[in-house]
$ cat run-v9.csv   # CSV, C-alpha atoms
chain,number,residue,atom,x,y,z
A,1,MET,CA,-26.5,-30.4,-25.2
A,2,LYS,CA,-26.8,-27.0,-26.8
A,3,LEU,CA,-27.5,-25.7,-30.2
A,4,GLY,CA,-26.6,-22.0,-30.8
A,5,ASP,CA,-29.8,-19.9,-31.1
A,6,GLY,CA,-28.6,-18.9,-34.6
A,7,VAL,CA,-30.0,-22.2,-35.8
A,8,GLU,CA,-33.7,-21.0,-35.3
A,9,ALA,CA,-33.1,-17.8,-37.2
A,10,ALA,CA,-31.2,-19.6,-40.0
A,11,ILE,CA,-34.0,-22.1,-40.6
A,12,HIS,CA,-36.7,-19.4,-40.6
A,13,CYS,CA,-34.7,-17.2,-43.0
A,14,THR,CA,-34.0,-20.1,-45.3
A,15,THR,CA,-37.7,-21.1,-45.3
A,16,THR,CA,-38.8,-17.5,-46.0
A,17,LEU,CA,-36.4,-17.1,-48.8
A,18,ALA,CA,-37.5,-20.5,-50.3
A,19,GLY,CA,-40.9,-18.9,-50.7
A,20,LEU,CA,-39.7,-15.9,-52.7
A,21,ARG,CA,-40.1,-15.6,-56.5
A,22,SER,CA,-36.9,-16.5,-58.3
A,23,ASP,CA,-36.0,-12.9,-59.3
A,24,ALA,CA,-36.3,-11.5,-55.7
A,25,VAL,CA,-34.0,-11.1,-52.8
A,26,ILE,CA,-34.4,-9.8,-49.2
A,27,SER,CA,-31.6,-7.9,-47.5
A,28,GLY,CA,-30.1,-9.1,-44.3
A,29,ALA,CA,-31.4,-6.1,-42.4
A,30,ASP,CA,-34.9,-6.7,-43.5
A,31,LEU,CA,-34.7,-10.4,-42.6
A,32,ALA,CA,-33.4,-9.3,-39.1
A,33,ASN,CA,-36.3,-6.9,-38.8
A,34,GLY,CA,-38.8,-9.5,-39.9
A,35,PHE,CA,-37.8,-11.9,-37.2
A,36,GLY,CA,-36.9,-9.3,-34.5
A,37,VAL,CA,-33.3,-10.4,-34.2
A,38,SER,CA,-30.2,-8.2,-34.4
A,39,ALA,CA,-28.8,-7.6,-37.9
A,40,SER,CA,-25.2,-8.1,-37.0
A,41,TYR,CA,-26.0,-11.3,-35.3
A,42,LEU,CA,-28.0,-12.6,-38.2
A,43,LEU,CA,-25.4,-11.5,-40.8
A,44,LYS,CA,-22.9,-13.9,-39.4
A,45,HIS,CA,-25.3,-16.8,-40.0
A,46,LEU,CA,-26.4,-15.6,-43.4
A,47,LYS,CA,-22.8,-15.6,-44.4
A,48,ALA,CA,-22.4,-19.2,-43.2
A,49,LEU,CA,-25.5,-20.3,-45.1
A,50,THR,CA,-24.1,-18.6,-48.2
A,51,GLY,CA,-20.8,-20.2,-47.8
A,52,ALA,CA,-22.5,-23.6,-47.7
A,53,GLY,CA,-24.5,-22.8,-50.9
A,54,ILE,CA,-27.8,-22.9,-49.0
A,55,LEU,CA,-28.3,-19.2,-49.8
A,56,ALA,CA,-26.9,-17.0,-52.5
A,57,SER,CA,-26.1,-13.3,-52.0
A,58,VAL,CA,-26.6,-10.6,-54.5
A,59,PRO,CA,-24.2,-7.7,-53.8
A,60,GLY,CA,-25.0,-4.0,-54.0
A,61,PRO,CA,-27.4,-1.5,-52.5
A,62,LYS,CA,-30.4,-3.3,-54.0
A,63,GLY,CA,-29.0,-6.7,-53.2
A,64,GLY,CA,-29.8,-9.3,-50.6
A,65,TYR,CA,-30.2,-13.0,-50.1
A,66,ARG,CA,-32.1,-15.6,-52.1
A,67,ILE,CA,-32.2,-19.4,-51.9
A,68,GLY,CA,-29.0,-21.0,-53.2
A,69,ARG,CA,-30.5,-24.2,-54.5
A,70,PRO,CA,-34.0,-25.7,-54.7
A,71,ALA,CA,-35.7,-26.0,-51.4
A,72,ASP,CA,-36.1,-29.8,-51.8
A,73,GLN,CA,-32.4,-30.1,-51.9
A,74,ILE,CA,-31.8,-28.3,-48.6
A,75,THR,CA,-32.3,-30.3,-45.4
A,76,LEU,CA,-32.4,-29.3,-41.7
A,77,LEU,CA,-29.0,-31.0,-41.4
A,78,ASP,CA,-27.5,-28.8,-44.1
A,79,ILE,CA,-28.6,-25.7,-42.1
A,80,VAL,CA,-27.5,-27.0,-38.7
A,81,LEU,CA,-24.0,-28.0,-40.0
A,82,ALA,CA,-23.6,-24.7,-41.8
A,83,VAL,CA,-24.4,-22.7,-38.7
A,84,GLU,CA,-22.9,-24.9,-36.0
A,85,GLY,CA,-20.0,-26.5,-37.9
A,86,ALA,CA,-19.6,-30.2,-38.7
A,87,GLU,CA,-17.7,-31.1,-35.5
A,88,PRO,CA,-19.5,-33.8,-33.5
A,89,ALA,CA,-21.2,-32.6,-30.3
A,90,PHE,CA,-19.3,-35.2,-28.2
A,91,ARG,CA,-15.6,-34.5,-28.4
A,92,CYS,CA,-13.5,-37.3,-27.0
A,93,ALA,CA,-10.4,-36.0,-25.2
A,94,GLU,CA,-9.1,-39.5,-24.8
A,95,ILE,CA,-9.1,-39.2,-21.0
A,96,ARG,CA,-8.9,-43.0,-20.9
A,97,ARG,CA,-5.2,-42.6,-21.8
A,98,ARG,CA,-4.4,-40.2,-19.0
A,99,GLY,CA,-3.7,-40.9,-15.3
A,100,PRO,CA,-0.6,-42.3,-13.7
A,101,GLY,CA,0.7,-45.5,-15.2
A,102,ALA,CA,-1.5,-45.5,-18.3
A,103,PRO,CA,0.0,-47.6,-21.1
A,104,GLY,CA,1.3,-45.9,-24.3
A,105,ALA,CA,-0.7,-45.0,-27.3
A,106,ASP,CA,-0.1,-48.3,-29.1
A,107,ALA,CA,-2.3,-50.0,-26.4
A,108,TYR,CA,-5.3,-48.1,-27.8
A,109,PRO,CA,-5.6,-49.2,-31.5
A,110,ASN,CA,-9.4,-48.9,-31.4
A,111,PRO,CA,-11.6,-45.9,-30.8
A,112,CYS,CA,-12.9,-45.6,-27.2
A,113,GLY,CA,-16.2,-47.6,-26.9
A,114,ILE,CA,-17.7,-44.6,-25.2
A,115,ASN,CA,-16.8,-42.3,-28.0
A,116,ALA,CA,-18.2,-44.8,-30.5
A,117,ALA,CA,-21.5,-45.1,-28.7
A,118,MET,CA,-21.9,-41.3,-28.4
A,119,LEU,CA,-21.2,-40.9,-32.1
A,120,ARG,CA,-23.7,-43.6,-33.1
A,121,ALA,CA,-26.4,-41.5,-31.3
A,122,GLU,CA,-25.2,-38.4,-33.2
A,123,ARG,CA,-25.6,-40.3,-36.5
A,124,ALA,CA,-29.2,-41.0,-35.5
A,125,TYR,CA,-29.7,-37.3,-34.8
A,126,ARG,CA,-28.2,-36.3,-38.1
A,127,ALA,CA,-30.2,-38.9,-40.0
A,128,ALA,CA,-33.4,-37.5,-38.6
A,129,LEU,CA,-32.4,-33.9,-39.5
A,130,ARG,CA,-31.5,-35.1,-43.0
A,131,GLU,CA,-35.0,-36.4,-43.5
A,132,VAL,CA,-36.6,-32.9,-43.3
A,133,ARG,CA,-36.3,-30.7,-46.3
A,134,VAL,CA,-36.9,-26.9,-46.4
A,135,SER,CA,-39.6,-27.6,-49.0
A,136,ASP,CA,-41.4,-29.8,-46.4
A,137,LEU,CA,-41.2,-27.0,-43.8
A,138,LEU,CA,-42.6,-24.5,-46.2
A,139,ALA,CA,-45.4,-26.7,-47.3
A,140,ASP,CA,-46.3,-27.6,-43.7
A,141,HIS,CA,-46.3,-24.0,-42.8
A,142,LEU,CA,-48.6,-23.0,-45.6
A,143,ALA,CA,-51.0,-25.9,-45.0
A,144,ASN,CA,-51.2,-25.8,-41.2
A,145,SER,CA,-50.7,-22.2,-40.1
A,146,ASP,CA,-53.5,-19.9,-39.1
A,147,PRO,CA,-54.5,-17.8,-42.2
A,148,ARG,CA,-53.5,-14.6,-40.3
A,149,VAL,CA,-50.0,-16.0,-40.0
A,150,VAL,CA,-49.8,-16.9,-43.6
A,151,ARG,CA,-51.0,-13.4,-44.6
A,152,HIS,CA,-48.4,-11.8,-42.3
A,153,GLY,CA,-45.7,-13.8,-44.0
A,154,CYS,CA,-46.9,-12.9,-47.4
A,155,ALA,CA,-47.1,-9.2,-46.4
A,156,MET,CA,-43.6,-9.3,-45.0
A,157,VAL,CA,-42.3,-10.8,-48.3
A,158,GLU,CA,-44.3,-8.2,-50.3
A,159,GLN,CA,-42.8,-5.4,-48.3
A,160,PHE,CA,-39.2,-6.6,-48.1
A,161,GLN,CA,-38.5,-8.3,-51.4
A,162,ARG,CA,-36.3,-6.6,-54.0
A,163,LEU,CA,-36.8,-7.6,-57.5
A,164,GLN,CA,-33.7,-8.0,-59.6
A,165,PRO,CA,-34.1,-6.5,-63.0
A,166,ASN,CA,-31.3,-8.6,-64.6
A,167,ALA,CA,-32.3,-11.9,-63.1
A,168,ALA,CA,-31.9,-14.9,-65.4
A,169,ASN,CA,-35.5,-16.0,-64.8
B,1,MET,CA,-24.1,-28.6,-31.4
B,2,LYS,CA,-22.0,-29.0,-28.3
B,3,LEU,CA,-21.9,-31.3,-25.3
B,4,GLY,CA,-20.0,-30.1,-22.3
B,5,ASP,CA,-16.7,-32.0,-21.9
B,6,GLY,CA,-17.9,-33.1,-18.5
B,7,VAL,CA,-19.9,-35.8,-20.2
B,8,GLU,CA,-16.8,-37.8,-21.2
B,9,ALA,CA,-15.5,-37.8,-17.6
B,10,ALA,CA,-18.9,-38.6,-16.2
B,11,ILE,CA,-19.3,-41.7,-18.4
B,12,HIS,CA,-15.8,-42.9,-17.7
B,13,CYS,CA,-16.2,-42.4,-13.9
B,14,THR,CA,-19.6,-44.2,-13.9
B,15,THR,CA,-18.2,-47.1,-15.9
B,16,THR,CA,-15.2,-47.4,-13.6
B,17,LEU,CA,-17.4,-47.4,-10.5
B,18,ALA,CA,-19.7,-50.0,-12.1
B,19,GLY,CA,-16.7,-52.3,-12.0
B,20,LEU,CA,-16.0,-51.9,-8.3
B,21,ARG,CA,-16.9,-54.5,-5.7
B,22,SER,CA,-20.1,-53.6,-3.9
B,23,ASP,CA,-18.4,-52.6,-0.6
B,24,ALA,CA,-15.9,-50.2,-2.2
B,25,VAL,CA,-15.9,-46.5,-3.1
B,26,ILE,CA,-13.4,-44.2,-4.9
B,27,SER,CA,-12.9,-40.6,-3.8
B,28,GLY,CA,-13.6,-37.8,-6.3
B,29,ALA,CA,-9.9,-36.7,-6.0
B,30,ASP,CA,-8.7,-40.2,-7.0
B,31,LEU,CA,-11.2,-40.4,-9.9
B,32,ALA,CA,-9.9,-37.0,-11.1
B,33,ASN,CA,-6.3,-38.2,-10.8
B,34,GLY,CA,-7.1,-41.5,-12.6
B,35,PHE,CA,-8.5,-39.6,-15.6
B,36,GLY,CA,-6.1,-36.6,-15.5
B,37,VAL,CA,-8.9,-34.0,-15.0
B,38,SER,CA,-9.2,-31.3,-12.4
B,39,ALA,CA,-10.8,-32.4,-9.2
B,40,SER,CA,-13.0,-29.3,-8.7
B,41,TYR,CA,-14.2,-29.7,-12.3
B,42,LEU,CA,-15.0,-33.3,-11.8
B,43,LEU,CA,-16.7,-32.8,-8.4
B,44,LYS,CA,-19.5,-30.8,-10.0
B,45,HIS,CA,-20.3,-33.6,-12.3
B,46,LEU,CA,-20.1,-36.3,-9.7
B,47,LYS,CA,-22.6,-34.3,-7.6
B,48,ALA,CA,-24.9,-34.1,-10.6
B,49,LEU,CA,-24.6,-37.9,-11.1
B,50,THR,CA,-25.3,-38.4,-7.4
B,51,GLY,CA,-28.3,-36.2,-7.5
B,52,ALA,CA,-29.7,-38.3,-10.4
B,53,GLY,CA,-29.2,-41.5,-8.4
B,54,ILE,CA,-26.6,-42.7,-11.0
B,55,LEU,CA,-23.9,-42.6,-8.3
B,56,ALA,CA,-24.2,-42.7,-4.5
B,57,SER,CA,-21.8,-40.9,-2.2
B,58,VAL,CA,-20.4,-42.1,1.1
B,59,PRO,CA,-19.4,-39.2,3.3
B,60,GLY,CA,-16.4,-38.9,5.5
B,61,PRO,CA,-12.6,-39.1,5.2
B,62,LYS,CA,-12.7,-42.7,4.0
B,63,GLY,CA,-15.8,-42.0,1.8
B,64,GLY,CA,-16.2,-41.6,-1.9
B,65,TYR,CA,-18.4,-42.6,-4.8
B,66,ARG,CA,-20.0,-45.9,-5.8
B,67,ILE,CA,-22.6,-46.8,-8.4
B,68,GLY,CA,-26.1,-45.8,-7.3
B,69,ARG,CA,-28.0,-48.5,-9.0
B,70,PRO,CA,-27.2,-51.6,-11.1
B,71,ALA,CA,-25.1,-50.8,-14.2
B,72,ASP,CA,-27.8,-52.4,-16.5
B,73,GLN,CA,-30.2,-49.8,-15.2
B,74,ILE,CA,-28.0,-46.8,-16.1
B,75,THR,CA,-28.0,-45.6,-19.8
B,76,LEU,CA,-25.9,-43.1,-21.6
B,77,LEU,CA,-29.0,-40.9,-21.8
B,78,ASP,CA,-29.3,-40.9,-18.0
B,79,ILE,CA,-25.7,-39.7,-17.7
B,80,VAL,CA,-26.0,-37.0,-20.4
B,81,LEU,CA,-29.2,-35.6,-19.0
B,82,ALA,CA,-27.7,-35.6,-15.4
B,83,VAL,CA,-24.6,-33.7,-16.5
B,84,GLU,CA,-26.1,-31.4,-19.3
B,85,GLY,CA,-29.7,-30.9,-18.0
B,86,ALA,CA,-32.9,-32.1,-19.6
B,87,GLU,CA,-33.5,-29.0,-21.7
B,88,PRO,CA,-33.7,-29.7,-25.4
B,89,ALA,CA,-30.6,-28.6,-27.5
B,90,PHE,CA,-32.9,-26.6,-29.8
B,91,ARG,CA,-34.6,-23.8,-27.9
B,92,CYS,CA,-37.4,-22.2,-29.9
B,93,ALA,CA,-37.5,-18.5,-29.1
B,94,GLU,CA,-40.7,-18.1,-31.2
B,95,ILE,CA,-39.1,-15.6,-33.5
B,96,ARG,CA,-41.9,-16.4,-35.9
B,97,ARG,CA,-44.1,-14.2,-33.7
B,98,ARG,CA,-41.8,-11.2,-33.8
B,99,GLY,CA,-41.4,-8.6,-36.5
B,100,PRO,CA,-43.6,-5.6,-37.3
B,101,GLY,CA,-47.3,-6.5,-37.8
B,102,ALA,CA,-47.1,-10.1,-36.5
B,103,PRO,CA,-50.5,-11.3,-35.4
B,104,GLY,CA,-51.3,-12.0,-31.7
B,105,ALA,CA,-50.5,-15.1,-29.8
B,106,ASP,CA,-53.9,-16.7,-30.5
B,107,ALA,CA,-52.9,-17.0,-34.2
B,108,TYR,CA,-50.3,-19.6,-33.1
B,109,PRO,CA,-52.2,-22.4,-31.5
B,110,ASN,CA,-49.8,-25.1,-32.7
B,111,PRO,CA,-46.1,-25.5,-32.0
B,112,CYS,CA,-43.8,-24.1,-34.8
B,113,GLY,CA,-43.2,-26.8,-37.4
B,114,ILE,CA,-39.5,-26.0,-37.3
B,115,ASN,CA,-39.4,-26.6,-33.5
B,116,ALA,CA,-41.4,-29.8,-33.9
B,117,ALA,CA,-38.9,-31.1,-36.5
B,118,MET,CA,-35.9,-30.2,-34.4
B,119,LEU,CA,-37.4,-31.9,-31.4
B,120,ARG,CA,-38.2,-35.1,-33.4
B,121,ALA,CA,-34.5,-35.3,-34.3
B,122,GLU,CA,-33.6,-34.9,-30.6
B,123,ARG,CA,-35.9,-37.7,-29.7
B,124,ALA,CA,-34.0,-40.0,-32.1
B,125,TYR,CA,-30.7,-38.9,-30.5
B,126,ARG,CA,-32.1,-39.6,-27.0
B,127,ALA,CA,-33.5,-43.0,-28.1
B,128,ALA,CA,-30.1,-44.0,-29.4
B,129,LEU,CA,-28.4,-42.9,-26.1
B,130,ARG,CA,-31.1,-44.8,-24.1
B,131,GLU,CA,-30.1,-48.1,-25.9
B,132,VAL,CA,-26.6,-48.1,-24.4
B,133,ARG,CA,-26.3,-49.3,-20.8
B,134,VAL,CA,-23.3,-48.8,-18.6
B,135,SER,CA,-23.1,-52.6,-18.3
B,136,ASP,CA,-22.7,-52.8,-22.1
B,137,LEU,CA,-19.9,-50.3,-22.0
B,138,LEU,CA,-18.1,-52.1,-19.2
B,139,ALA,CA,-18.5,-55.5,-21.0
B,140,ASP,CA,-17.3,-54.0,-24.3
B,141,HIS,CA,-14.3,-52.5,-22.6
B,142,LEU,CA,-13.3,-55.7,-20.9
B,143,ALA,CA,-13.9,-57.8,-24.0
B,144,ASN,CA,-12.2,-55.6,-26.6
B,145,SER,CA,-9.5,-53.6,-24.9
B,146,ASP,CA,-5.8,-54.4,-25.1
B,147,PRO,CA,-4.8,-56.5,-22.1
B,148,ARG,CA,-2.5,-53.7,-21.0
B,149,VAL,CA,-5.4,-51.3,-20.8
B,150,VAL,CA,-7.5,-53.7,-18.8
B,151,ARG,CA,-4.6,-54.3,-16.4
B,152,HIS,CA,-4.1,-50.6,-16.0
B,153,GLY,CA,-7.8,-50.1,-15.1
B,154,CYS,CA,-7.6,-53.0,-12.6
B,155,ALA,CA,-4.5,-51.6,-11.0
B,156,MET,CA,-6.1,-48.1,-10.8
B,157,VAL,CA,-9.1,-49.6,-9.0
B,158,GLU,CA,-6.9,-51.7,-6.7
B,159,GLN,CA,-4.9,-48.6,-5.8
B,160,PHE,CA,-7.8,-46.2,-5.3
B,161,GLN,CA,-10.7,-48.3,-3.9
B,162,ARG,CA,-11.6,-47.8,-0.3
B,163,LEU,CA,-13.4,-50.7,1.3
B,164,GLN,CA,-16.3,-49.8,3.6
B,165,PRO,CA,-16.2,-51.9,6.8
B,166,ASN,CA,-19.9,-51.5,7.5
B,167,ALA,CA,-21.3,-52.0,3.9
B,168,ALA,CA,-24.4,-54.1,3.8
B,169,ASN,CA,-22.9,-56.6,1.4

$ encode --input "run-v9.csv" --output "structure tokens"
Amino acid sequence: MKLGDGVEAAIHCTTTLAGLRSDAVISGADLANGFGVSASYLLKHLKALTGAGILASVPGPKGGYRIGRPADQITLLDIVLAVEGAEPAFRCAEIRRRGPGAPGADAYPNPCGINAAMLRAERAYRAALREVRVSDLLADHLANSDPRVVRHGCAMVEQFQRLQPNAAN
Amino acid sequence: MKLGDGVEAAIHCTTTLAGLRSDAVISGADLANGFGVSASYLLKHLKALTGAGILASVPGPKGGYRIGRPADQITLLDIVLAVEGAEPAFRCAEIRRRGPGAPGADAYPNPCGINAAMLRAERAYRAALREVRVSDLLADHLANSDPRVVRHGCAMVEQFQRLQPNAAN
């Protein structure tokens, strides 16, 4: 089983943006720089997060990304589904119906038991991801990281954030 | 998140072989024919299952595959790990440590909280897969499938199975 490596960057970016003041944004290029990933690679994922309402983008040369809704309303599952798509990991190709002499489709009124069992396990995975909010990740990071790491994060935000003069709050 | 499509074939083949009499095997080519998948594609997965002790292979022109241990001792998790590898789906590249001015490795004595949360969810997924045994899948199939489907499976086994004259039982 594989998750694309965009998921890690997407979660880190969302958590970083959740820590910004509400009138600030960070550009995609600066986020990429801050996490040492390629900007074009990251941009694709930032767009997916924006499409899902997890981030919001402010256009223009002084624009960038901010959180799209409160961090306690964004779960790890939201981020994973935005980046990876909502398709299940197990995709049943109904190979049970193939092979010489297999009966017609009307002999298979119920989902394949194998598919059902695989999807049950995915529901358990998604439920566990749904339990973790970005606000939890941010609080855990601030409470349990080495002070040098917290200072580094704050300095990065201080350096990269762009304050929006016309922000509502 | 994606699982390789070999998983579906691997589970179907293992469940089919679990229903064989103990002195019988089915060749990889016949299993591929029975499920309408390419033999070279299937062979790779049958080898992985054999390497994990889920299947056993009998060499020679009359050889083939049989179950490697009792079907109530094989879980969906065993099959998924054999085919997909044991690596976690989420692979932390420690991007938190990158970026200009990040502190040294000694500032990160604990695993990243994001990685820890993602791995917790994977443990829930694996626990759910571990709960389903191949014997359960086989019993469910026999109890709940349309009689035509069961007859088709039996006919396929009857046609493909190769009895081993020197089998221990």

$ atom_distance --input "run-v9.csv" --atom1 "atom CA of B:Ile95" --atom2 "atom CA of A:Gly36"
6.7 Å

$ residues_around --input "run-v9.csv" --residues "A:Leu119" --least-positions-apart "4" --cutoff "10 Å" --atoms "all atoms listed in the file" --output "PDB file with C-alpha atoms, in the coordinates of the input"
ATOM      1  CA  PRO A  88     -19.500 -33.800 -33.500  1.00  0.00           C
ATOM      2  CA  ALA A  89     -21.200 -32.600 -30.300  1.00  0.00           C
ATOM      3  CA  PHE A  90     -19.300 -35.200 -28.200  1.00  0.00           C
ATOM      4  CA  ARG A  91     -15.600 -34.500 -28.400  1.00  0.00           C
ATOM      5  CA  CYS A  92     -13.500 -37.300 -27.000  1.00  0.00           C
ATOM      6  CA  GLY A 113     -16.200 -47.600 -26.900  1.00  0.00           C
ATOM      7  CA  ILE A 114     -17.700 -44.600 -25.200  1.00  0.00           C
ATOM      8  CA  ASN A 115     -16.800 -42.300 -28.000  1.00  0.00           C
ATOM      9  CA  ARG A 123     -25.600 -40.300 -36.500  1.00  0.00           C
ATOM     10  CA  ALA A 124     -29.200 -41.000 -35.500  1.00  0.00           C
ATOM     11  CA  TYR A 125     -29.700 -37.300 -34.800  1.00  0.00           C
TER      12      TYR A 125
ATOM     13  CA  TYR B 125     -30.700 -38.900 -30.500  1.00  0.00           C
ATOM     14  CA  ALA B 128     -30.100 -44.000 -29.400  1.00  0.00           C
ATOM     15  CA  LEU B 129     -28.400 -42.900 -26.100  1.00  0.00           C
TER      16      LEU B 129
END

$ atom_distance --input "run-v9.csv" --atom1 "atom CA of B:Gly63" --atom2 "atom CA of B:Thr14"
16.3 Å

$ atom_distance --input "run-v9.csv" --atom1 "atom CA of A:Glu84" --atom2 "atom CA of A:Ala48"
9.2 Å

$ residues_around --input "run-v9.csv" --residues "A:Ile26" --least-positions-apart "3" --cutoff "10 Å" --atoms "only C-alpha atoms" --output "list of chain:residue names"
A:Cys13, A:Thr16, A:Leu17, A:Leu20, A:Ala29, A:Asp30, A:Leu31, A:Ser57, A:Val58, A:Lys62, A:Gly63, A:Gly64, A:Tyr65, A:Arg66, A:Val157, A:Gln159, A:Phe160, A:Gln161, A:Arg162, A:Leu163

$ residues_around --input "run-v9.csv" --residues "stretch 9-12 of chain B" --least-positions-apart "6" --cutoff "8 Å" --atoms "all atoms listed in the file" --output "list of chain:residue names"
A:Ile95, A:Arg96, A:Ile114, B:Phe35, B:Leu42, B:His45, B:Leu46, B:Leu49, B:Leu76, B:Ile79, B:Val83

$ axis_aligned_box --input "run-v9.csv" --around "stretch 104-108 of chain A" --padding-each-side "3 Å" --output "JSON"
{"center_x": -2.0, "center_y": -47.5, "center_z": -26.7, "size_x": 12.6, "size_y": 11.0, "size_z": 10.8}

$ residues_near_point --input "run-v9.csv" --point "(-26.8, -29.6, -32.7)" --cutoff "10 Å" --atoms "only C-alpha atoms" --output "count of residues only"
27

$ residues_around --input "run-v9.csv" --residues "B:Pro147" --least-positions-apart "5" --cutoff "12 Å" --atoms "all atoms listed in the file" --output "list in words"
Pro103, Asp106, Ala107, Tyr108 and Pro109 of chain A; His141, Leu142, His152, Gly153 and Cys154 of chain B

$ residues_around --input "run-v9.csv" --residues "B:Arg133" --least-positions-apart "4" --cutoff "8 Å" --atoms "all atoms listed in the file" --output "ChimeraX atom specification"
/B:71-76,137

$ closest_residue --input "run-v9.csv" --among "B:Pro165, B:Arg130, B:Arg97, B:Ser135" --to "A:Asn33" --atoms "all atoms listed in the file"
B:Arg97
